[in-house]
Structure formats: C-alpha cells, structure tokens
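This is run.txt (compact mmCIF, C-alpha atoms).
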# COMPACT_ATOMS: atom_id res chain seq x y z
CA MET A 14 -42.49 62.63 -15.30
CA GLN A 15 -41.89 59.54 -17.45
CA THR A 16 -39.29 57.08 -16.31
CA GLY A 17 -37.66 54.09 -17.94
CA ASN A 18 -35.55 51.14 -17.01
CA VAL A 19 -32.02 51.52 -15.74
CA THR A 20 -29.58 51.22 -18.58
CA THR A 21 -26.90 48.68 -17.76
CA PRO A 22 -23.38 48.84 -19.20
CA PHE A 23 -23.95 45.57 -21.08
CA GLY A 24 -23.57 46.05 -24.82
CA ARG A 25 -21.94 49.44 -24.49
CA ARG A 26 -18.65 50.20 -26.12
CA PRO A 27 -15.88 52.34 -24.59
CA MET A 28 -15.74 56.01 -25.44
CA THR A 29 -13.42 56.66 -28.37
CA LEU A 30 -12.01 59.80 -29.97
CA ALA A 31 -14.25 59.17 -32.99
CA LEU A 32 -17.33 59.24 -30.76
CA VAL A 33 -16.14 62.42 -29.04
CA LYS A 34 -15.60 64.02 -32.46
CA ARG A 35 -19.13 63.09 -33.56
CA GLN A 36 -20.60 64.53 -30.35
CA LEU A 37 -18.76 67.80 -30.90
CA SER A 38 -20.04 68.01 -34.49
CA THR A 39 -23.57 67.31 -33.26
CA ALA A 40 -23.34 70.35 -30.99
CA ASP A 41 -22.74 72.55 -34.04
CA ILE A 42 -26.03 71.93 -35.85
CA GLN A 43 -26.98 74.87 -38.03
CA ALA A 44 -29.62 77.10 -36.42
CA GLY A 45 -33.12 76.44 -37.74
CA LYS A 46 -32.13 73.20 -39.47
CA SER A 47 -34.82 70.54 -39.84
CA VAL A 48 -35.25 67.28 -41.74
CA ASP A 49 -38.00 64.71 -42.19
CA LYS A 50 -37.16 61.92 -39.75
CA TRP A 51 -38.32 59.14 -42.06
CA ARG A 52 -36.37 60.53 -44.99
CA VAL A 53 -33.11 60.48 -43.03
CA TYR A 54 -34.08 57.02 -41.76
CA ARG A 55 -34.41 55.76 -45.35
CA SER A 56 -30.99 57.21 -46.14
CA ALA A 57 -29.52 55.33 -43.18
CA CYS A 58 -31.20 52.12 -44.36
CA GLU A 59 -29.80 52.49 -47.87
CA ALA A 60 -26.32 53.27 -46.50
CA ARG A 61 -26.34 50.47 -43.92
CA THR A 62 -23.45 48.59 -45.57
CA MET A 63 -21.22 51.66 -45.32
CA LEU A 64 -22.35 52.26 -41.74
CA GLY A 65 -21.73 48.64 -40.77
CA LEU A 66 -25.31 48.12 -39.56
CA ARG A 67 -27.56 45.08 -39.74
CA ASP A 68 -31.31 44.93 -40.14
CA ARG A 69 -31.95 44.53 -36.39
CA ALA A 70 -30.10 47.77 -35.65
CA LEU A 71 -32.25 49.60 -38.22
CA ALA A 72 -35.38 48.15 -36.60
CA VAL A 73 -34.23 49.59 -33.26
CA LEU A 74 -33.58 52.97 -34.92
CA ASN A 75 -37.07 52.86 -36.38
CA ALA A 76 -38.48 52.21 -32.92
CA LEU A 77 -36.53 55.13 -31.42
CA LEU A 78 -37.82 57.49 -34.12
CA SER A 79 -41.38 56.36 -33.42
CA PHE A 80 -41.02 57.77 -29.90
CA TYR A 81 -40.20 61.20 -31.30
CA PRO A 82 -43.61 62.91 -31.56
CA GLU A 83 -42.91 65.26 -34.48
CA GLN A 84 -42.56 64.43 -38.18
CA GLU A 85 -39.45 66.56 -38.53
CA LEU A 86 -36.28 66.61 -36.49
CA ARG A 87 -35.67 70.28 -35.67
CA GLU A 88 -32.64 71.98 -34.17
CA ASP A 89 -34.78 74.06 -31.80
CA SER A 90 -36.72 71.11 -30.33
CA ASN A 91 -35.91 68.43 -27.77
CA LEU A 92 -34.30 65.58 -29.74
CA VAL A 93 -33.94 63.16 -26.81
CA VAL A 94 -36.27 60.15 -26.56
CA PHE A 95 -36.45 58.16 -23.36
CA PRO A 96 -38.40 54.90 -23.81
CA SER A 97 -37.79 51.93 -21.54
CA ASN A 98 -36.11 48.81 -22.89
CA ALA A 99 -39.45 47.01 -22.67
CA GLN A 100 -41.18 49.65 -24.79
CA LEU A 101 -38.33 49.66 -27.30
CA ALA A 102 -38.33 45.87 -27.58
CA ILE A 103 -42.08 45.84 -28.36
CA ARG A 104 -41.77 48.43 -31.15
CA ALA A 105 -38.62 46.71 -32.49
CA ASN A 106 -40.63 43.60 -33.35
CA GLY A 107 -40.21 42.02 -29.92
CA ILE A 108 -36.44 41.45 -29.98
CA ALA A 109 -34.71 40.10 -26.88
CA GLY A 110 -33.23 42.48 -24.33
CA THR A 111 -29.68 41.32 -25.00
CA THR A 112 -30.08 41.86 -28.75
CA LEU A 113 -31.66 45.27 -28.09
CA ARG A 114 -28.70 46.49 -26.06
CA GLU A 115 -26.21 45.16 -28.61
CA ASN A 116 -27.92 47.03 -31.44
CA LEU A 117 -28.25 50.23 -29.42
CA ALA A 118 -24.47 50.08 -28.96
CA LEU A 119 -24.06 49.60 -32.73
CA LEU A 120 -26.18 52.66 -33.46
CA VAL A 121 -24.08 54.71 -31.05
CA GLN A 122 -20.87 53.40 -32.62
CA ALA A 123 -22.16 54.21 -36.12
CA GLY A 124 -22.83 57.80 -34.99
CA LEU A 125 -26.60 57.76 -35.60
CA ILE A 126 -27.69 58.27 -32.01
CA GLN A 127 -26.01 59.57 -28.88
CA ARG A 128 -26.38 58.53 -25.26
CA ASN A 129 -27.56 61.28 -22.95
CA ASP A 130 -27.30 59.54 -19.57
CA SER A 131 -28.84 60.78 -16.35
CA PRO A 132 -26.92 60.86 -13.04
CA ASN A 133 -28.59 57.64 -11.86
CA GLY A 134 -28.47 55.87 -15.23
CA LYS A 135 -32.23 55.99 -15.82
CA ARG A 136 -34.04 57.39 -18.85
CA TYR A 137 -36.57 60.04 -18.00
CA ALA A 138 -37.72 63.59 -18.67
CA ARG A 139 -38.25 66.43 -16.23
CA LYS A 140 -41.03 68.84 -17.09
CA GLY A 141 -41.07 72.55 -16.32
CA ASN A 142 -43.85 74.65 -14.83
CA ASP A 143 -45.44 75.15 -18.22
CA GLY A 144 -45.73 71.38 -18.77
CA GLY A 145 -43.05 71.29 -21.44
CA ILE A 146 -40.01 69.04 -21.21
CA GLU A 147 -37.22 70.89 -19.47
CA THR A 148 -34.57 68.15 -19.33
CA ALA A 149 -34.54 64.67 -20.88
CA TYR A 150 -32.20 61.73 -20.47
CA GLY A 151 -32.10 58.85 -22.90
CA PHE A 152 -31.01 58.72 -26.56
CA SER A 153 -30.43 61.88 -28.56
CA LEU A 154 -31.46 61.85 -32.24
CA ALA A 155 -29.38 64.96 -32.91
CA PRO A 156 -26.71 63.00 -34.89
CA LEU A 157 -29.35 62.08 -37.47
CA LEU A 158 -30.17 65.76 -37.94
CA ALA A 159 -26.49 66.78 -38.04
CA ARG A 160 -25.55 64.07 -40.57
CA ALA A 161 -28.65 64.22 -42.79
CA GLU A 162 -26.75 65.42 -45.86
CA GLU A 163 -23.87 63.02 -45.27
CA LEU A 164 -26.24 60.07 -44.99
CA ALA A 165 -28.00 61.13 -48.19
CA ILE A 166 -24.64 61.18 -50.02
CA MET A 167 -23.72 57.77 -48.62
CA ALA A 168 -27.07 56.39 -49.75
CA HIS A 169 -26.44 57.77 -53.24
CA GLN A 170 -22.99 56.17 -53.33
CA VAL A 171 -24.43 52.80 -52.34
CA ALA A 172 -27.11 53.11 -55.03
CA GLU A 173 -24.47 53.97 -57.65
CA GLU A 174 -22.34 51.01 -56.62
CA SER A 175 -25.38 48.78 -56.83
CA ARG A 176 -26.13 50.10 -60.32
CA ARG A 177 -22.52 49.58 -61.36
CA LEU A 178 -22.60 45.99 -60.11
CA ARG A 179 -25.82 45.39 -62.01
CA VAL A 180 -24.32 46.71 -65.27
CA ILE A 181 -21.16 44.61 -64.86
CA LYS A 182 -23.22 41.49 -64.14
CA GLU A 183 -25.33 42.13 -67.24
CA ARG A 184 -22.20 42.44 -69.38
CA ILE A 185 -20.80 39.27 -67.83
CA THR A 186 -24.00 37.41 -68.67
CA ILE A 187 -23.85 38.57 -72.28
CA LYS A 188 -20.17 37.61 -72.61
CA ARG A 189 -20.78 34.18 -71.10
CA ARG A 190 -23.64 33.57 -73.52
CA ASP A 191 -21.64 34.74 -76.55
CA ILE A 192 -18.64 32.56 -75.69
CA ARG A 193 -20.90 29.56 -75.14
CA LYS A 194 -22.47 30.12 -78.56
CA LEU A 195 -19.03 30.33 -80.19
CA ILE A 196 -17.88 27.10 -78.54
CA THR A 197 -21.06 25.28 -79.53
CA ALA A 198 -20.88 26.47 -83.14
CA ALA A 199 -17.20 25.58 -83.44
CA MET A 200 -17.69 22.07 -82.07
CA GLU A 201 -20.76 21.40 -84.19
CA GLU A 202 -18.93 22.56 -87.34
CA GLY A 203 -15.76 20.67 -86.42
CA ALA A 204 -13.62 23.82 -86.50
CA ALA A 205 -9.95 23.27 -85.73
CA GLY A 206 -8.61 24.59 -82.44
CA ASN A 207 -8.33 23.65 -78.81
CA TRP A 208 -11.94 24.37 -77.96
CA GLN A 209 -11.78 22.19 -74.87
CA ALA A 210 -9.23 24.62 -73.43
CA VAL A 211 -11.63 27.49 -74.15
CA GLU A 212 -14.40 25.55 -72.42
CA ASP A 213 -12.20 24.85 -69.38
CA ALA A 214 -11.18 28.52 -69.14
CA LEU A 215 -14.84 29.55 -69.30
CA VAL A 216 -15.80 27.13 -66.51
CA THR A 217 -12.91 28.39 -64.34
CA THR A 218 -13.93 32.03 -64.80
CA ILE A 219 -17.58 31.25 -64.06
CA ALA A 220 -16.52 29.60 -60.80
CA ARG A 221 -14.74 32.84 -59.80
CA ILE A 222 -17.78 34.91 -60.74
CA LYS A 223 -19.89 33.02 -58.20
CA THR A 224 -17.60 34.12 -55.36
CA ALA A 225 -16.94 37.67 -56.62
CA LYS A 226 -18.88 40.28 -54.65
CA THR A 227 -17.14 43.59 -55.33
CA SER A 228 -16.89 45.66 -58.50
CA PRO A 229 -13.11 45.15 -58.94
CA ALA A 230 -13.48 41.37 -58.61
CA LEU A 231 -16.33 41.27 -61.11
CA GLU A 232 -14.47 43.59 -63.51
CA ALA A 233 -11.49 41.21 -63.40
CA CYS A 234 -13.82 38.35 -64.34
CA LEU A 235 -15.32 40.45 -67.14
CA ASP A 236 -11.81 41.20 -68.44
CA GLU A 237 -11.03 37.49 -68.55
CA LEU A 238 -14.27 36.75 -70.40
CA THR A 239 -13.52 39.54 -72.89
CA LEU A 240 -10.07 38.10 -73.56
CA LEU A 241 -11.53 34.62 -73.88
CA SER A 242 -14.13 35.88 -76.33
CA GLU A 243 -11.41 37.55 -78.41
CA GLU A 244 -9.44 34.31 -78.44
CA ALA A 245 -12.45 32.34 -79.61
CA VAL A 246 -13.22 34.85 -82.36
CA ASN A 247 -9.58 34.84 -83.51
CA MET A 248 -9.55 31.04 -83.66
CA LEU A 249 -12.66 31.04 -85.84
CA GLU A 250 -11.38 33.84 -88.07
CA ILE A 251 -8.16 31.92 -88.69
CA GLN A 252 -10.31 29.09 -90.07
CA LEU A 253 -12.02 31.51 -92.44
CA ILE A 254 -8.88 33.14 -93.86
CA PRO A 255 -8.02 30.31 -96.31
CA GLN A 256 -11.64 30.14 -97.49
CA LYS A 257 -11.63 33.85 -98.28
CA THR A 258 -8.30 33.79 -100.13
CA ASP A 259 -8.55 30.52 -102.10
CA ALA A 260 -10.66 32.04 -104.89
CA ASN A 261 -8.19 34.77 -105.77
CA GLY A 262 -5.00 33.27 -104.33
CA ASP A 263 -3.32 32.80 -107.73
CA GLU A 264 -3.96 36.42 -108.66
CA ILE A 265 -2.53 37.65 -105.36
CA ARG A 266 0.56 35.46 -105.63
CA HIS A 267 1.13 36.64 -109.22
CA HIS A 268 0.91 40.25 -108.08
CA ILE A 269 3.36 39.68 -105.23
CA GLN A 270 5.91 37.88 -107.40
CA ASN A 271 5.93 40.75 -109.89
CA SER A 272 6.42 43.30 -107.09
CA ASN A 273 9.77 44.64 -105.99
CA THR A 274 11.35 41.82 -103.99
CA GLU A 275 14.23 43.82 -102.59
CA SER A 276 12.40 44.59 -99.35
CA PHE A 277 11.78 40.88 -98.70
CA ASN A 278 15.41 39.99 -99.44
CA GLU A 279 16.54 42.45 -96.82
CA LEU A 280 14.65 40.53 -94.16
CA GLU A 281 15.38 36.95 -95.34
CA PRO A 282 18.92 35.47 -95.38
CA SER A 283 20.34 34.43 -98.77
CA SER A 284 20.07 30.70 -99.41
CA GLY A 285 20.93 30.46 -103.14
CA SER A 286 23.29 27.66 -104.14
CA GLU A 287 24.87 29.60 -107.00
CA GLN A 288 26.81 32.84 -107.05
CA GLY A 289 24.59 35.81 -107.66
CA GLU A 290 21.41 33.77 -107.54
CA ARG A 291 18.64 35.40 -105.59
CA PRO A 292 16.11 33.15 -103.89
CA ALA A 293 12.49 33.47 -104.91
CA ALA A 294 10.67 36.04 -102.86
CA ARG A 295 8.73 34.48 -100.04
CA PRO A 296 5.72 36.68 -99.26
CA ARG A 297 4.34 37.00 -95.80
CA PRO A 298 1.06 35.20 -95.18
CA ALA A 299 -2.00 37.40 -95.22
CA ALA A 300 -2.69 36.87 -91.53
CA GLN A 301 -5.80 38.41 -90.07
CA PRO A 302 -4.87 41.37 -87.83
CA ILE A 303 -5.26 40.69 -84.13
CA LYS A 304 -8.22 42.53 -82.74
CA ALA A 305 -7.48 45.49 -80.48
CA PHE A 306 -8.35 44.92 -76.84
CA PRO A 307 -10.05 47.48 -74.55
CA LEU A 308 -7.55 50.17 -73.57
CA GLY A 309 -8.54 50.02 -69.90
CA MET A 310 -7.84 46.29 -69.83
CA VAL A 311 -4.44 46.80 -71.44
CA LEU A 312 -3.47 49.42 -68.85
CA ARG A 313 -4.54 47.15 -65.99
CA ALA A 314 -2.42 44.35 -67.41
CA CYS A 315 0.54 46.61 -68.33
CA PRO A 316 0.59 49.56 -65.87
CA GLN A 317 4.32 50.33 -66.39
CA ILE A 318 3.71 51.73 -69.90
CA VAL A 319 1.99 54.75 -68.33
CA ASP A 320 5.35 55.96 -66.97
CA TYR A 321 6.59 56.48 -70.55
CA ALA A 322 3.54 58.37 -71.82
CA PRO A 323 3.52 62.14 -72.40
CA GLY A 324 2.25 63.72 -69.20
CA GLY A 325 2.37 60.41 -67.34
CA SER A 326 -1.14 59.30 -68.35
CA ILE A 327 -2.78 57.36 -71.17
CA SER A 328 -6.38 57.96 -72.16
CA HIS A 329 -6.28 57.26 -75.90
CA TRP A 330 -4.74 54.64 -78.18
CA ARG A 331 -2.52 57.29 -79.80
CA GLU A 332 -0.93 58.04 -76.42
CA LEU A 333 -0.29 54.33 -75.90
CA MET A 334 1.39 54.06 -79.31
CA THR A 335 3.53 57.11 -78.52
CA ALA A 336 4.62 55.56 -75.23
CA ALA A 337 5.37 52.27 -77.01
CA VAL A 338 7.85 54.04 -79.31
CA VAL A 339 9.67 55.41 -76.24
CA VAL A 340 9.73 51.93 -74.66
CA ARG A 341 11.01 50.42 -77.92
CA SER A 342 13.99 52.76 -77.88
CA MET A 343 14.59 52.24 -74.17
CA LEU A 344 14.62 48.43 -74.50
CA GLY A 345 16.87 48.53 -77.54
CA VAL A 346 14.34 47.18 -80.02
CA SER A 347 15.28 48.20 -83.58
CA PRO A 348 12.90 50.40 -85.58
CA SER A 349 12.65 47.71 -88.26
CA ALA A 350 11.57 45.07 -85.73
CA TYR A 351 8.88 47.34 -84.40
CA GLN A 352 7.76 48.31 -87.92
CA ASP A 353 7.42 44.62 -88.82
CA ALA A 354 5.28 44.11 -85.70
CA CYS A 355 3.05 47.05 -86.69
CA GLU A 356 2.55 45.59 -90.17
CA ALA A 357 1.78 42.10 -88.86
CA MET A 358 -0.39 42.98 -85.88
CA GLY A 359 -1.59 46.49 -86.57
CA PRO A 360 -0.16 49.58 -84.80
CA GLU A 361 -2.48 49.33 -81.78
CA ASN A 362 -1.67 45.71 -81.05
CA ALA A 363 2.02 46.23 -81.71
CA ALA A 364 1.92 48.90 -79.00
CA VAL A 365 0.14 46.42 -76.71
CA ALA A 366 2.80 43.81 -77.45
CA MET A 367 5.50 46.37 -76.59
CA ALA A 368 3.73 47.12 -73.30
CA CYS A 369 3.64 43.38 -72.52
CA VAL A 370 7.36 43.07 -73.30
CA LEU A 371 8.01 45.95 -70.89
CA GLU A 372 6.09 44.17 -68.11
CA ARG A 373 8.15 41.01 -68.66
CA ALA A 374 11.45 42.77 -69.42
CA GLY A 375 13.12 41.19 -66.40
CA HIS A 376 12.48 37.72 -67.84
CA ILE A 377 13.42 38.46 -71.49
CA ASN A 378 17.07 38.38 -72.57
CA SER A 379 16.54 40.06 -75.95
CA PRO A 380 13.41 42.23 -76.25
CA GLY A 381 14.09 42.79 -79.96
CA GLY A 382 14.43 39.09 -80.70
CA TYR A 383 11.38 38.32 -78.59
CA LEU A 384 9.27 40.87 -80.51
CA ARG A 385 10.47 39.47 -83.86
CA ASP A 386 9.43 35.98 -82.72
CA LEU A 387 5.97 37.27 -81.79
CA THR A 388 5.77 38.95 -85.20
CA ARG A 389 6.64 35.78 -87.08
CA ARG A 390 4.11 33.77 -85.09
CA SER A 391 1.50 36.44 -85.70
CA GLU A 392 2.14 36.27 -89.45
CA ARG A 393 1.54 32.53 -89.34
CA GLY A 394 -1.66 33.01 -87.37
CA GLU A 395 -0.16 31.23 -84.35
CA PHE A 396 -0.11 34.11 -81.87
CA SER A 397 -2.65 36.26 -80.10
CA LEU A 398 -2.16 38.81 -77.37
CA GLY A 399 -5.07 37.42 -75.33
CA PRO A 400 -3.23 34.76 -73.28
CA MET A 401 -0.34 37.15 -72.58
CA LEU A 402 -2.69 39.90 -71.35
CA MET A 403 -4.71 37.42 -69.30
CA ALA A 404 -1.56 36.08 -67.62
CA LEU A 405 -0.43 39.61 -66.75
CA LEU A 406 -3.87 40.49 -65.39
CA ARG A 407 -3.84 37.42 -63.17
CA THR A 408 -0.33 38.20 -61.99
CA HIS A 409 -1.29 41.74 -60.93
CA GLU A 410 -4.54 40.52 -59.36
CA THR A 411 -2.71 37.86 -57.33
CA GLY A 412 -0.01 40.33 -56.33
CA GLY A 413 -2.67 42.85 -55.22
CA GLN A 414 -4.36 40.24 -53.04
CA LYS A 415 -1.08 39.24 -51.41
CA SER A 416 -0.09 42.81 -50.69
CA ALA A 417 -3.49 43.52 -49.21
Would you mind writing the file's structure down as structure tokens?
Amino acid sequence: MQTGNVTTPFGRRPMTLALVKRQLSTADIQAGKSVDKWRVYRSACEARTMLGLRDRALAVLNALLSFYPEQELREDSNLVVFPSNAQLAIRANGIAGTTLRENLALLVQAGLIQRNDSPNGKRYARKGNDGGIETAYGFSLAPLLARAEELAIMAHQVAEESRRLRVIKERITIKRRDIRKLITAAMEEGAAGNWQAVEDALVTTIARIKTAKTSPALEACLDELTLLSEEAVNMLEIQLIPQKTDANGDEIRHHIQNSNTESFNELEPSSGSEQGERPAARPRPAAQPIKAFPLGMVLRACPQIVDYAPGGSISHWRELMTAAVVVRSMLGVSPSAYQDACEAMGPENAAVAMACVLERAGHINSPGGYLRDLTRRSERGEFSLGPMLMALLRTHETGGQKSA
C-alpha cells in the first residue's frame, strides 16, 4: 500500500454547483473511451487563457500525469493518482508547498482534476488479493478524459484568435507604414494641408495600439488608421486635381457654357440686375469623388441604418444605398438634395453621409439643409467623410466601455 501526506484544507476552494455539475458529467464517460494523456495535456496548455490557468498550474498537471503509468487515459482503468505533496513538488520543478496547494486548487476549480478524498484525508491506494489497485484516494484524472474533445475545441479557438490577432497586427503595421510614407512625401513636397494634424492623429492611435490586447480593441485602432489613410490620400488627391485639369480646362469650360444651363438655374437663385436677364451658368467644380470606406467600418460607426434595411441586415453596398433612401424619406430630405449628394460624392458615399446624418439626427435641426451643406463643401473639395466616421466610431467605442 502506498501512502502520501495528509492533504490540508489550505488552498482548497468551497464546493460549488459548477464543480458538482462537472463531477456528474465525469461519471458519464462513454464506455471504452480513451485518449492520449499528453495530447489532452497539450490542449489544456493551449487553452490555458480560457481556463484561467497559469504556467505553474500546468506544471503541476504535468507532474500529476507523470504519476499515471499508462500512455492513454482509459475509461476502464483506475484514473486516480495518489502522490505525496513532496513527490509532486519535486516533479513540478521543486515549487513550494504553499504554491503547490494553490495550483492544485486552481486545477480543481478549472475542472481538469477532481479530488477523491479518503476518510482520513490521506492519499493512498488499497490493493486487492490479485495485487491490482482496488481503491485509490487522491486526484482523479477522469475530467481530462471526459473533457478531451471540449479542450481540443478550446485550444482551436485560442489558436484562431491568436491567428486573427496576428493578421490584424500585420494590417496595422502596413497601414502605419503607408500613412508615414504619405506624411513624409507631403511634407518634403510642400503639399498644402494640415499634415501636422495627421501626424498627431497617427501618434495618438499608435499610443492606443500599444495598450490594445483584444481583437475588438485592435480592430478599432485599424479602423482609425484606415480612416486616417483615406484622409491623407484625399488631401493629396485634392492637390493633384488642378494639375490634371489645367491643360484642358478651357475646353471643359467651353463645353459646359454651351450646355443646357436650365438645370443649374434651378439650383442657383437669380441675381441678375436687369429684368429677364439670366446670370451666367456657374458650373460645379470637378471635385474628386470621396473614396468609399469599408462597409464593416461604416456599419460600426452607423449601426442605426441597419434598422431601415430590407430584412434588417446589410451585407452589400446596394443594401446600404436602399436603406439610405428610406432614411432620406423618413428624415424629410428632398429627393433633389439627395440626388445632388450622389452626384457630388458618389452614390456609396452619399448613402454613408445619410447614415451619419441618421446617427446625429438628434443634434441636427434640418437634415436636408445639413446634407446640402455637406454636398456644397464636397464640391469645393473641403469635406470628407473620414472625420465624421471616426468621431462616430469613437463615440460608440466610448459608450461601449462605459456600459461595460
């Protein structure tokens, strides 16, 4: 008969309903089930963050498994190991007794092992007449066998999350590098624009990246970098518009002046000093269309637009534009105002602007007038959706943190 040290109550946690539930599930192990003990151990190691375990606890679990003589945990075998604390401490890299008991309690709480206490509190095994173990008291490894598939799934989830974090971090690195190149090129070429503000926004976002640990937090940082990159590109493209149009500007103006001017006169008030005199047609500037932003980013910044989509969901730009038409009517924006926005910004970005107006409807007295103002500024190359989307993203992010 092998005996061990008396197990004291130090480090133990009170029995809970969760522990009772795990013990009942352990009793229902499928007949004939078996699993490689080191394979399930690796799954537990990979899933340690989900299990709430630290490295010391895994070292103790490794030591317990080393006392199980077989390679596989089998349903029809004795799954109780009964080493003394001294023996466990040696195989767990010589950890202190207090630390050992604390980590044993953590393993029990995580549902990886189960206490099988003897009447006198000692760990030992009683052998039968044939020399085989008849009864054993100590720690049962049955939970590892019962939860083998669950632990494998948890390990896979942790690996997928790790891969997702790695991909997001790679995209963040690329965005940071691209924005830095744009800022450097703009400053070296003396391009007009508030490039110091772009630099400050980049530094602020980078500071948040250093403290972001979860996928949602990193995705929020990536969204901000994407918006910042779009802003930088738009600022540079605005500088290039005059250079592209100077060579054939006279031809374009001649063509516009000879076109039907009635449509322009409908939108501009009459300012002629004589009766019947029509003012010269004033064409709209050939402003560069605002680039469309990622649909997922738009929906995170403007979640209310989803309520007006067919079927209550938006997965394509066409569904967003359809919902924007419904919102336009609901907010009392005239068809002509929305059509002007589509011509100035492009239909996708006009829908985004409508979604932004919906989010801020409580702060806007006249949605139609507000959209016309955005349209006019867009025609002059003075407006981009980036800052508006970024502000809404930050508002929802801050609100989510407060509610949490």
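Using all atoms listed in the file, the nearest neighbour of Gln43 (chain A) within the list A:Arg87, A:Gly394, A:Thr148, A:Thr217 is A:Arg87.
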Checklist outcome for this item: One residue among A:Asp68, A:Asp320, A:Asp386, A:Glu237 is nearest to Leu402 (chain A) when using all atoms listed in the file, and that residue is A:Glu237
Item to check | Selection near Leu154 (chain A), 9 Å with only C-alpha atoms, sequence-local residues under 6 positions removed, as a ChimeraX atom specification | outcome: /A:77-78,81,86,92-94,125-127
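Here CA of Glu232 (chain A) stands at a distance of 21.1 Å from CA of Glu372 (chain A).
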May I have the residues within 12 Å of Gly206 (chain A) as a compact mmCIF listing (two decimals) with C-alpha atoms, in the coordinates of the input, using only C-alpha atoms and disregarding those fewer than 6 positions away in the same chain?
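As a result, out-v4.txt now contains:
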# COMPACT_ATOMS: atom_id res chain seq x y z
CA ILE A 196 -17.88 27.10 -78.54
CA ALA A 199 -17.20 25.58 -83.44
CA MET A 200 -17.69 22.07 -82.07
CA GLU A 212 -14.40 25.55 -72.42
CA GLU A 244 -9.44 34.31 -78.44
CA ALA A 245 -12.45 32.34 -79.61
CA VAL A 246 -13.22 34.85 -82.36
CA ASN A 247 -9.58 34.84 -83.51
CA MET A 248 -9.55 31.04 -83.66
CA LEU A 249 -12.66 31.04 -85.84
CA GLU A 250 -11.38 33.84 -88.07
CA ILE A 251 -8.16 31.92 -88.69
CA GLN A 252 -10.31 29.09 -90.07
CA GLY A 394 -1.66 33.01 -87.37
CA GLU A 395 -0.16 31.23 -84.35
Item to check | Thr112 (chain A) surroundings by only C-alpha atoms, 10 Å radius, close-in-sequence under 6 positions cut, as a ChimeraX atom specification | outcome: /A:24,69-70,73,102,118
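When only C-alpha atoms are used to compute distances to Val171 (chain A), the closest of the residues A:Leu371, A:Ala60, A:Val339, A:Val346 turns out to be A:Ala60.
Interatomic distance, CA of Leu405 (chain A) against CA of Ala314 (chain A): 5.2 Å.
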Because the input lacks atoms here, generate all heavy atoms for region 369-375 of chain A and report them as a short mmCIF file (atom, residue, chain, number, x, y, z; two decimals), in the coordinates of the input.
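Done, and the output landed in part_14.cif:
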data_model
loop_
_atom_site.label_atom_id
_atom_site.label_comp_id
_atom_site.auth_asym_id
_atom_site.auth_seq_id
_atom_site.Cartn_x
_atom_site.Cartn_y
_atom_site.Cartn_z
N CYS A 369 3.49 44.69 -73.15
CA CYS A 369 3.64 43.38 -72.52
C CYS A 369 5.12 43.02 -72.37
O CYS A 369 5.53 42.47 -71.34
CB CYS A 369 2.93 42.30 -73.34
SG CYS A 369 1.13 42.43 -73.35
N VAL A 370 5.92 43.33 -73.39
CA VAL A 370 7.36 43.07 -73.30
C VAL A 370 7.97 43.88 -72.16
O VAL A 370 8.84 43.39 -71.42
CB VAL A 370 8.04 43.42 -74.65
CG1 VAL A 370 9.56 43.36 -74.51
CG2 VAL A 370 7.58 42.46 -75.73
N LEU A 371 7.52 45.12 -71.99
CA LEU A 371 8.01 45.95 -70.89
C LEU A 371 7.69 45.32 -69.54
O LEU A 371 8.54 45.30 -68.63
CB LEU A 371 7.40 47.36 -70.98
CG LEU A 371 7.73 48.32 -69.83
CD1 LEU A 371 9.22 48.61 -69.79
CD2 LEU A 371 6.93 49.61 -69.98
N GLU A 372 6.48 44.80 -69.38
CA GLU A 372 6.09 44.17 -68.11
C GLU A 372 6.96 42.96 -67.81
O GLU A 372 7.25 42.68 -66.64
CB GLU A 372 4.62 43.75 -68.17
CG GLU A 372 3.64 44.89 -68.12
CD GLU A 372 3.65 45.64 -66.80
OE1 GLU A 372 3.77 44.99 -65.75
OE2 GLU A 372 3.55 46.88 -66.84
N ARG A 373 7.38 42.23 -68.85
CA ARG A 373 8.15 41.01 -68.66
C ARG A 373 9.63 41.21 -68.98
O ARG A 373 10.37 40.23 -69.21
CB ARG A 373 7.57 39.90 -69.54
CG ARG A 373 6.10 39.64 -69.30
CD ARG A 373 5.60 38.41 -70.03
NE ARG A 373 6.19 37.20 -69.47
CZ ARG A 373 7.07 36.42 -70.09
NH1 ARG A 373 7.50 36.75 -71.30
NH2 ARG A 373 7.54 35.34 -69.53
N ALA A 374 10.07 42.47 -69.01
CA ALA A 374 11.45 42.77 -69.42
C ALA A 374 12.48 42.05 -68.55
O ALA A 374 13.54 41.66 -69.04
CB ALA A 374 11.70 44.29 -69.39
N GLY A 375 12.18 41.86 -67.29
CA GLY A 375 13.12 41.19 -66.40
C GLY A 375 13.31 39.72 -66.71
O GLY A 375 14.26 39.09 -66.23
#
